[in-house]
Amino acid sequence: MSRYWSTVVNGLTPYVPGEQPKLPNLIKLNTNESPYGPSPRVLAALRAEVGDSLRLYPDPGCDGLRESIAAFHKLKPAQVFVGNGSDEVLAHTFLALLKHDKPVLFPDISYSFYPVYCALYGIAYKQVPLTESFEIRVDDYMKPNGGIVFPNPNAPTGRPLALGEIERLLQANAASVVVIDEAYVDYGAESAVGLISRYPQLLVVHTLSKSRSLAGLRVGYALGDAGLIEALVRVKDSFNSYPLGRFAQAGAAAALEDRAYFERSCAKVVATRTRMANDLASLGFEVLPSAANFVFARHPGHDGAELAAKLRERGVLVRHFGTPQRIAQFLRITVGTDAQCEALIEALRTILV
Ligand SMILES: Cc1ncc(COP(=O)(O)O)c(C=O)c1O
């Protein structure tokens with residue numbers, strides 16, 4: 001707190017990201033990165049970008065990248081907005097499309113950046129409780145609102161929502177924007193992108209940080225009706241004209257163009273997830289069904305915070321959320337390579353004895 005701070009800053013409780021350790025050799029299963037490197041075509045595109053042209057600003061409209069994204073999703077470039085990670089895309093979305101008199105609705109257990117954006121931009125919000133089994137029930141969102149946002153699959157639970165349910169919500173909710181945050185959709189949930197042509201209030205947000213193995217490049221995007229995209233561009237051009245540098249634009253376009261590599265690395269993660277979930281269950285964990293690259297699990301006989309601390313002593317990082325109380329016993333564990341997941345299970349065996 002400083003007398004020079006604005007009242008907005010004095011009132012902020014910033015989002016706390018998972019630890020990015022400086023220590024080498026830790027098994028890092030705490031921030032849902034891919035355990036596999038990016039496509040070789042991405043690395044070649046990045047190397048090709050090293051040169052004199054770096055003295056010039058990048059394309060402010062990211063036209064080449066938006067064309068690659070549009071081609072991948074069978075949409076038009078005017079239906080694509082790109083940003084510096086999907087966090088930035090989401091931040092612009094809250095300001096551009098979700099700031100109204102009525103409150104924006106999102107689940108009580110969800111991506112904990114949403115309330116942070118609301119506080120930053122002075123947006124009213126209401127958290128809608130998940131069911132007993134940690135599921136989103138769309139009927140609970142069918143009330144007056146200034147917008148609706150949730151991840152599918154949800155984070156940190158990993159539970160997916162069927163596309164039919166999302167469509168039912170869109171049919172009932174035409175007066176405000178519905179944002180589906182599909183950060184983890186490539187690991188087994190049904191994407192809502194196919195509904196964009198029929199629902200002009202639908203915005204779908206994707207990231208290259210997970211299934212494209214590019215968390216270090218910082219690229220995310222939104223897909224929706226050109227009118228929604230124009231609102232995001234207006235905010236972006238009132239904030240930072242060049243959010244994506246030349247490396248980010250070139251690397252991200254190459255990632256979108258290498259579909260085979262992307263599909264192979266998602267399939268490997270999904271196969272390891274099944275093994276890891278079974279191994280955790282055989283150690284006595286209750287594991288929620290996951291369609292993401294992480295699982296959410298609790299052990300009836302062991303405290304969540306203690307388990308996370310003991311795993312860290314053994315060189316394995318997982319994510320533990322102290323609040324809300326309902327999830328305080330859970331660990332969110334990223335799916336790593338087979339070897340990393342085996343090391344996790346071994347470490348747990350020594351802890352649980
Ligand atoms: C649900 C959800 N949405 C969005 C993001 C942001 O991803 P990024 O800013 O790396 O694109 C994350 C990151 O963990 C997430 O879990």
# chains A, B, ... in the order shown; residues from 1 in each chain; ligands from 1
>>> residues_around(residues="His92 (chain A)", least_positions_apart="2", cutoff="10 Å", atoms="only C-alpha atoms", output="count of residues only")
20
>>> closest_atom_pairs(of="chain A", to="ligand 1", cutoff="9 Å", atoms="only C-alpha atoms and all ligand atoms", output="JSON lines")
{"residue": "A:Pro17", "atom": "CA", "partner": "ligand 1", "partner_atom_place_in_ligand_line": "14 (O)", "distance": 8.2}
{"residue": "A:Gly18", "atom": "CA", "partner": "ligand 1", "partner_atom_place_in_ligand_line": "14 (O)", "distance": 8.8}
{"residue": "A:Thr31", "atom": "CA", "partner": "ligand 1", "partner_atom_place_in_ligand_line": "14 (O)", "distance": 6.4}
{"residue": "A:Asn32", "atom": "CA", "partner": "ligand 1", "partner_atom_place_in_ligand_line": "14 (O)", "distance": 6.5}
{"residue": "A:Glu33", "atom": "CA", "partner": "ligand 1", "partner_atom_place_in_ligand_line": "14 (O)", "distance": 8.2}
{"residue": "A:Gly83", "atom": "CA", "partner": "ligand 1", "partner_atom_place_in_ligand_line": "11 (O)", "distance": 8.6}
{"residue": "A:Asn84", "atom": "CA", "partner": "ligand 1", "partner_atom_place_in_ligand_line": "9 (O)", "distance": 7.3}
{"residue": "A:Gly85", "atom": "CA", "partner": "ligand 1", "partner_atom_place_in_ligand_line": "11 (O)", "distance": 3.8}
{"residue": "A:Ser86", "atom": "CA", "partner": "ligand 1", "partner_atom_place_in_ligand_line": "11 (O)", "distance": 3.5}
{"residue": "A:Asp87", "atom": "CA", "partner": "ligand 1", "partner_atom_place_in_ligand_line": "9 (O)", "distance": 3.8}
{"residue": "A:Glu88", "atom": "CA", "partner": "ligand 1", "partner_atom_place_in_ligand_line": "9 (O)", "distance": 6.6}
{"residue": "A:Val89", "atom": "CA", "partner": "ligand 1", "partner_atom_place_in_ligand_line": "9 (O)", "distance": 8.0}
{"residue": "A:Leu90", "atom": "CA", "partner": "ligand 1", "partner_atom_place_in_ligand_line": "4 (C)", "distance": 7.5}
{"residue": "A:Ser110", "atom": "CA", "partner": "ligand 1", "partner_atom_place_in_ligand_line": "1 (C)", "distance": 7.4}
{"residue": "A:Tyr111", "atom": "CA", "partner": "ligand 1", "partner_atom_place_in_ligand_line": "1 (C)", "distance": 5.1}
{"residue": "A:Ser112", "atom": "CA", "partner": "ligand 1", "partner_atom_place_in_ligand_line": "1 (C)", "distance": 8.4}
{"residue": "A:Phe113", "atom": "CA", "partner": "ligand 1", "partner_atom_place_in_ligand_line": "3 (N)", "distance": 8.1}
{"residue": "A:Phe150", "atom": "CA", "partner": "ligand 1", "partner_atom_place_in_ligand_line": "1 (C)", "distance": 7.8}
{"residue": "A:Pro151", "atom": "CA", "partner": "ligand 1", "partner_atom_place_in_ligand_line": "1 (C)", "distance": 5.2}
{"residue": "A:Asn152", "atom": "CA", "partner": "ligand 1", "partner_atom_place_in_ligand_line": "1 (C)", "distance": 7.9}
{"residue": "A:Pro153", "atom": "CA", "partner": "ligand 1", "partner_atom_place_in_ligand_line": "1 (C)", "distance": 8.1}
{"residue": "A:Asn154", "atom": "CA", "partner": "ligand 1", "partner_atom_place_in_ligand_line": "1 (C)", "distance": 6.7}
{"residue": "A:Ala155", "atom": "CA", "partner": "ligand 1", "partner_atom_place_in_ligand_line": "1 (C)", "distance": 5.3}
{"residue": "A:Pro156", "atom": "CA", "partner": "ligand 1", "partner_atom_place_in_ligand_line": "16 (O)", "distance": 7.3}
{"residue": "A:Asp181", "atom": "CA", "partner": "ligand 1", "partner_atom_place_in_ligand_line": "3 (N)", "distance": 5.8}
{"residue": "A:Glu182", "atom": "CA", "partner": "ligand 1", "partner_atom_place_in_ligand_line": "1 (C)", "distance": 7.1}
{"residue": "A:Ala183", "atom": "CA", "partner": "ligand 1", "partner_atom_place_in_ligand_line": "3 (N)", "distance": 5.1}
{"residue": "A:Tyr184", "atom": "CA", "partner": "ligand 1", "partner_atom_place_in_ligand_line": "1 (C)", "distance": 7.2}
{"residue": "A:Val205", "atom": "CA", "partner": "ligand 1", "partner_atom_place_in_ligand_line": "4 (C)", "distance": 8.1}
{"residue": "A:His206", "atom": "CA", "partner": "ligand 1", "partner_atom_place_in_ligand_line": "11 (O)", "distance": 7.1}
{"residue": "A:Thr207", "atom": "CA", "partner": "ligand 1", "partner_atom_place_in_ligand_line": "11 (O)", "distance": 4.3}
{"residue": "A:Leu208", "atom": "CA", "partner": "ligand 1", "partner_atom_place_in_ligand_line": "11 (O)", "distance": 6.2}
{"residue": "A:Ser209", "atom": "CA", "partner": "ligand 1", "partner_atom_place_in_ligand_line": "10 (O)", "distance": 4.8}
{"residue": "A:Lys210", "atom": "CA", "partner": "ligand 1", "partner_atom_place_in_ligand_line": "10 (O)", "distance": 7.5}
{"residue": "A:Leu214", "atom": "CA", "partner": "ligand 1", "partner_atom_place_in_ligand_line": "10 (O)", "distance": 8.4}
{"residue": "A:Ala215", "atom": "CA", "partner": "ligand 1", "partner_atom_place_in_ligand_line": "10 (O)", "distance": 5.5}
{"residue": "A:Gly216", "atom": "CA", "partner": "ligand 1", "partner_atom_place_in_ligand_line": "10 (O)", "distance": 8.3}
{"residue": "A:Leu217", "atom": "CA", "partner": "ligand 1", "partner_atom_place_in_ligand_line": "10 (O)", "distance": 8.8}
{"residue": "A:Arg218", "atom": "CA", "partner": "ligand 1", "partner_atom_place_in_ligand_line": "10 (O)", "distance": 6.1}
{"residue": "A:Val219", "atom": "CA", "partner": "ligand 1", "partner_atom_place_in_ligand_line": "11 (O)", "distance": 6.0}
{"residue": "A:Gly220", "atom": "CA", "partner": "ligand 1", "partner_atom_place_in_ligand_line": "11 (O)", "distance": 4.9}
{"residue": "A:Tyr221", "atom": "CA", "partner": "ligand 1", "partner_atom_place_in_ligand_line": "11 (O)", "distance": 8.1}
>>> write_last_selection(atoms="N, CA and C atoms", output="short mmCIF file (atom, residue, chain, number, x, y, z; two decimals), in the first residue's frame")
data_model
loop_
_atom_site.label_atom_id
_atom_site.label_comp_id
_atom_site.auth_asym_id
_atom_site.auth_seq_id
_atom_site.Cartn_x
_atom_site.Cartn_y
_atom_site.Cartn_z
N PRO A 17 -0.37 -16.99 -10.06
CA PRO A 17 -0.15 -18.15 -10.94
C PRO A 17 0.60 -19.25 -10.19
N GLY A 18 0.53 -20.47 -10.72
CA GLY A 18 1.26 -21.59 -10.13
C GLY A 18 2.76 -21.31 -10.18
N THR A 31 1.08 -26.48 -13.53
CA THR A 31 0.47 -25.38 -14.29
C THR A 31 -0.07 -25.81 -15.66
N ASN A 32 -0.30 -27.11 -15.81
CA ASN A 32 -0.99 -27.62 -17.00
C ASN A 32 -0.30 -27.30 -18.33
N GLU A 33 1.04 -27.21 -18.27
CA GLU A 33 1.77 -27.09 -19.53
C GLU A 33 1.82 -28.47 -20.19
N GLY A 83 -4.57 -12.54 -29.06
CA GLY A 83 -4.02 -11.74 -27.97
C GLY A 83 -2.81 -12.42 -27.35
N ASN A 84 -2.18 -11.71 -26.42
CA ASN A 84 -0.98 -12.15 -25.73
C ASN A 84 -1.36 -13.16 -24.63
N GLY A 85 -1.62 -14.38 -25.06
CA GLY A 85 -2.15 -15.39 -24.15
C GLY A 85 -3.66 -15.23 -24.05
N SER A 86 -4.37 -16.33 -23.73
CA SER A 86 -5.83 -16.18 -23.63
C SER A 86 -6.19 -15.36 -22.41
N ASP A 87 -5.29 -15.22 -21.45
CA ASP A 87 -5.57 -14.32 -20.33
C ASP A 87 -5.85 -12.90 -20.83
N GLU A 88 -5.05 -12.44 -21.78
CA GLU A 88 -5.28 -11.10 -22.31
C GLU A 88 -6.59 -11.05 -23.11
N VAL A 89 -6.84 -12.10 -23.86
CA VAL A 89 -8.10 -12.16 -24.62
C VAL A 89 -9.30 -12.10 -23.67
N LEU A 90 -9.20 -12.87 -22.57
CA LEU A 90 -10.28 -12.87 -21.58
C LEU A 90 -10.43 -11.49 -20.93
N SER A 110 -13.98 -22.34 -10.46
CA SER A 110 -13.67 -22.16 -11.87
C SER A 110 -12.32 -21.47 -11.99
N TYR A 111 -12.03 -20.92 -13.16
CA TYR A 111 -10.74 -20.26 -13.36
C TYR A 111 -10.71 -19.01 -12.48
N SER A 112 -9.74 -18.95 -11.56
CA SER A 112 -9.81 -17.91 -10.55
C SER A 112 -9.35 -16.54 -11.06
N PHE A 113 -9.05 -16.43 -12.35
CA PHE A 113 -8.78 -15.11 -12.92
C PHE A 113 -10.08 -14.33 -13.17
N PHE A 150 -17.66 -19.54 -18.65
CA PHE A 150 -17.09 -20.70 -17.93
C PHE A 150 -16.18 -21.48 -18.87
N PRO A 151 -15.22 -22.20 -18.28
CA PRO A 151 -14.37 -23.05 -19.10
C PRO A 151 -15.08 -24.38 -19.41
N ASN A 152 -14.82 -24.92 -20.58
CA ASN A 152 -15.29 -26.27 -20.91
C ASN A 152 -14.15 -27.01 -21.61
N PRO A 153 -13.60 -28.07 -20.96
CA PRO A 153 -13.90 -28.54 -19.61
C PRO A 153 -13.59 -27.48 -18.56
N ASN A 154 -14.31 -27.60 -17.42
CA ASN A 154 -14.09 -26.62 -16.37
C ASN A 154 -12.71 -26.83 -15.73
N ALA A 155 -12.16 -25.76 -15.22
CA ALA A 155 -10.91 -25.83 -14.47
C ALA A 155 -11.19 -25.23 -13.09
N PRO A 156 -10.71 -25.81 -12.01
CA PRO A 156 -9.76 -26.93 -11.96
C PRO A 156 -10.39 -28.32 -11.87
N ASP A 181 -14.67 -20.78 -22.46
CA ASP A 181 -13.21 -20.76 -22.38
C ASP A 181 -12.73 -22.19 -22.63
N GLU A 182 -12.28 -22.45 -23.85
CA GLU A 182 -11.92 -23.82 -24.25
C GLU A 182 -10.42 -24.07 -24.14
N ALA A 183 -9.80 -23.58 -23.06
CA ALA A 183 -8.35 -23.75 -22.88
C ALA A 183 -7.94 -25.23 -22.97
N TYR A 184 -8.84 -26.12 -22.50
CA TYR A 184 -8.47 -27.55 -22.41
C TYR A 184 -9.32 -28.45 -23.32
N VAL A 205 -13.08 -19.06 -26.59
CA VAL A 205 -11.69 -18.63 -26.37
C VAL A 205 -10.76 -19.85 -26.32
N HIS A 206 -9.67 -19.77 -27.07
CA HIS A 206 -8.68 -20.86 -27.11
C HIS A 206 -7.30 -20.34 -26.72
N THR A 207 -6.43 -21.26 -26.35
CA THR A 207 -5.04 -20.89 -26.04
C THR A 207 -4.08 -21.84 -26.75
N LEU A 208 -2.89 -21.35 -27.04
CA LEU A 208 -1.84 -22.22 -27.58
C LEU A 208 -0.91 -22.71 -26.47
N SER A 209 -1.27 -22.39 -25.20
CA SER A 209 -0.38 -22.71 -24.08
C SER A 209 -0.44 -24.18 -23.65
N LYS A 210 -1.47 -24.89 -24.04
CA LYS A 210 -1.65 -26.25 -23.52
C LYS A 210 -1.42 -27.26 -24.65
N LEU A 214 2.87 -24.29 -26.27
CA LEU A 214 3.50 -22.98 -26.47
C LEU A 214 3.19 -22.00 -25.34
N ALA A 215 3.19 -22.48 -24.10
CA ALA A 215 2.93 -21.56 -22.99
C ALA A 215 3.95 -20.42 -22.96
N GLY A 216 5.17 -20.70 -23.39
CA GLY A 216 6.22 -19.69 -23.36
C GLY A 216 6.09 -18.63 -24.45
N LEU A 217 5.24 -18.86 -25.44
CA LEU A 217 5.12 -17.89 -26.54
C LEU A 217 4.04 -16.85 -26.28
N ARG A 218 3.06 -17.18 -25.44
CA ARG A 218 1.95 -16.31 -25.05
C ARG A 218 1.05 -15.96 -26.23
N VAL A 219 0.23 -16.91 -26.64
CA VAL A 219 -0.75 -16.64 -27.70
C VAL A 219 -2.09 -17.30 -27.34
N GLY A 220 -3.15 -16.52 -27.45
CA GLY A 220 -4.50 -17.04 -27.28
C GLY A 220 -5.38 -16.36 -28.30
N TYR A 221 -6.60 -16.89 -28.49
CA TYR A 221 -7.49 -16.25 -29.46
C TYR A 221 -8.95 -16.46 -29.09
#
>>> select_by_dssp(residues="region 44-291 of chain A", states="strand (DSSP E)", output="PyMOL selection string")
chain A and resi 80-83+104-107+125-128+147-151+178-181+202-207+220-224+286-287
>>> residues_around(residues="Ile166 (chain A)", least_positions_apart="3", cutoff="12 Å", atoms="only C-alpha atoms", output="ChimeraX atom specification")
/A:136-139,141-142,148-153,160-163,169-173,178-180,189-196,199,202-204
>>> write_last_selection(atoms="C-alpha atoms", output="PDB file, in the first residue's frame")
ATOM      1  CA  ILE A 136     -22.050 -27.056 -14.255  1.00  0.00           C
ATOM      2  CA  ARG A 137     -25.877 -27.149 -14.451  1.00  0.00           C
ATOM      3  CA  VAL A 138     -26.975 -24.789 -17.241  1.00  0.00           C
ATOM      4  CA  ASP A 139     -30.443 -24.269 -15.731  1.00  0.00           C
ATOM      5  CA  TYR A 141     -27.545 -19.789 -15.450  1.00  0.00           C
ATOM      6  CA  MET A 142     -30.984 -19.116 -16.897  1.00  0.00           C
ATOM      7  CA  ILE A 148     -21.954 -15.798 -18.794  1.00  0.00           C
ATOM      8  CA  VAL A 149     -18.451 -17.271 -18.807  1.00  0.00           C
ATOM      9  CA  PHE A 150     -17.091 -20.696 -17.926  1.00  0.00           C
ATOM     10  CA  PRO A 151     -14.369 -23.050 -19.100  1.00  0.00           C
ATOM     11  CA  ASN A 152     -15.285 -26.271 -20.912  1.00  0.00           C
ATOM     12  CA  PRO A 153     -13.903 -28.541 -19.609  1.00  0.00           C
ATOM     13  CA  PRO A 160     -16.709 -31.372 -19.375  1.00  0.00           C
ATOM     14  CA  LEU A 161     -20.177 -30.070 -20.281  1.00  0.00           C
ATOM     15  CA  ALA A 162     -22.017 -31.660 -23.226  1.00  0.00           C
ATOM     16  CA  LEU A 163     -22.406 -29.479 -26.311  1.00  0.00           C
ATOM     17  CA  LEU A 169     -28.091 -22.270 -22.730  1.00  0.00           C
ATOM     18  CA  LEU A 170     -27.523 -20.256 -25.916  1.00  0.00           C
ATOM     19  CA  GLN A 171     -31.148 -20.750 -26.927  1.00  0.00           C
ATOM     20  CA  ALA A 172     -32.333 -19.462 -23.563  1.00  0.00           C
ATOM     21  CA  ASN A 173     -29.781 -16.656 -23.364  1.00  0.00           C
ATOM     22  CA  VAL A 178     -21.861 -16.371 -23.533  1.00  0.00           C
ATOM     23  CA  VAL A 179     -18.110 -17.014 -23.367  1.00  0.00           C
ATOM     24  CA  ILE A 180     -16.864 -20.599 -23.469  1.00  0.00           C
ATOM     25  CA  ALA A 189     -14.495 -32.118 -24.612  1.00  0.00           C
ATOM     26  CA  GLU A 190     -16.811 -31.079 -27.471  1.00  0.00           C
ATOM     27  CA  SER A 191     -15.969 -27.662 -28.906  1.00  0.00           C
ATOM     28  CA  ALA A 192     -18.669 -25.010 -29.304  1.00  0.00           C
ATOM     29  CA  VAL A 193     -16.918 -23.488 -32.348  1.00  0.00           C
ATOM     30  CA  GLY A 194     -19.440 -25.164 -34.687  1.00  0.00           C
ATOM     31  CA  LEU A 195     -22.260 -23.157 -33.058  1.00  0.00           C
ATOM     32  CA  ILE A 196     -20.743 -19.749 -33.853  1.00  0.00           C
ATOM     33  CA  TYR A 199     -25.398 -17.842 -32.239  1.00  0.00           C
ATOM     34  CA  LEU A 202     -21.279 -16.879 -28.546  1.00  0.00           C
ATOM     35  CA  LEU A 203     -17.557 -16.228 -28.040  1.00  0.00           C
ATOM     36  CA  VAL A 204     -15.168 -19.196 -27.827  1.00  0.00           C
TER      37      VAL A 204
END
>>> select_by_dssp(residues="region 91-215 of chain A", states="helix (DSSP H, G or I)", output="JSON, numbers by chain")
{"A": [91, 92, 93, 94, 95, 96, 97, 114, 115, 116, 117, 118, 119, 120, 121, 138, 139, 140, 141, 163, 164, 165, 166, 167, 168, 169, 170, 171, 172, 185, 186, 187, 193, 194, 195]}
>>> residues_around(residues="region 124-134 of chain A", least_positions_apart="2", cutoff="8 Å", atoms="only C-alpha atoms", output="ChimeraX atom specification")
/A:99-109,115,118,122,136-137,140-141,157,159
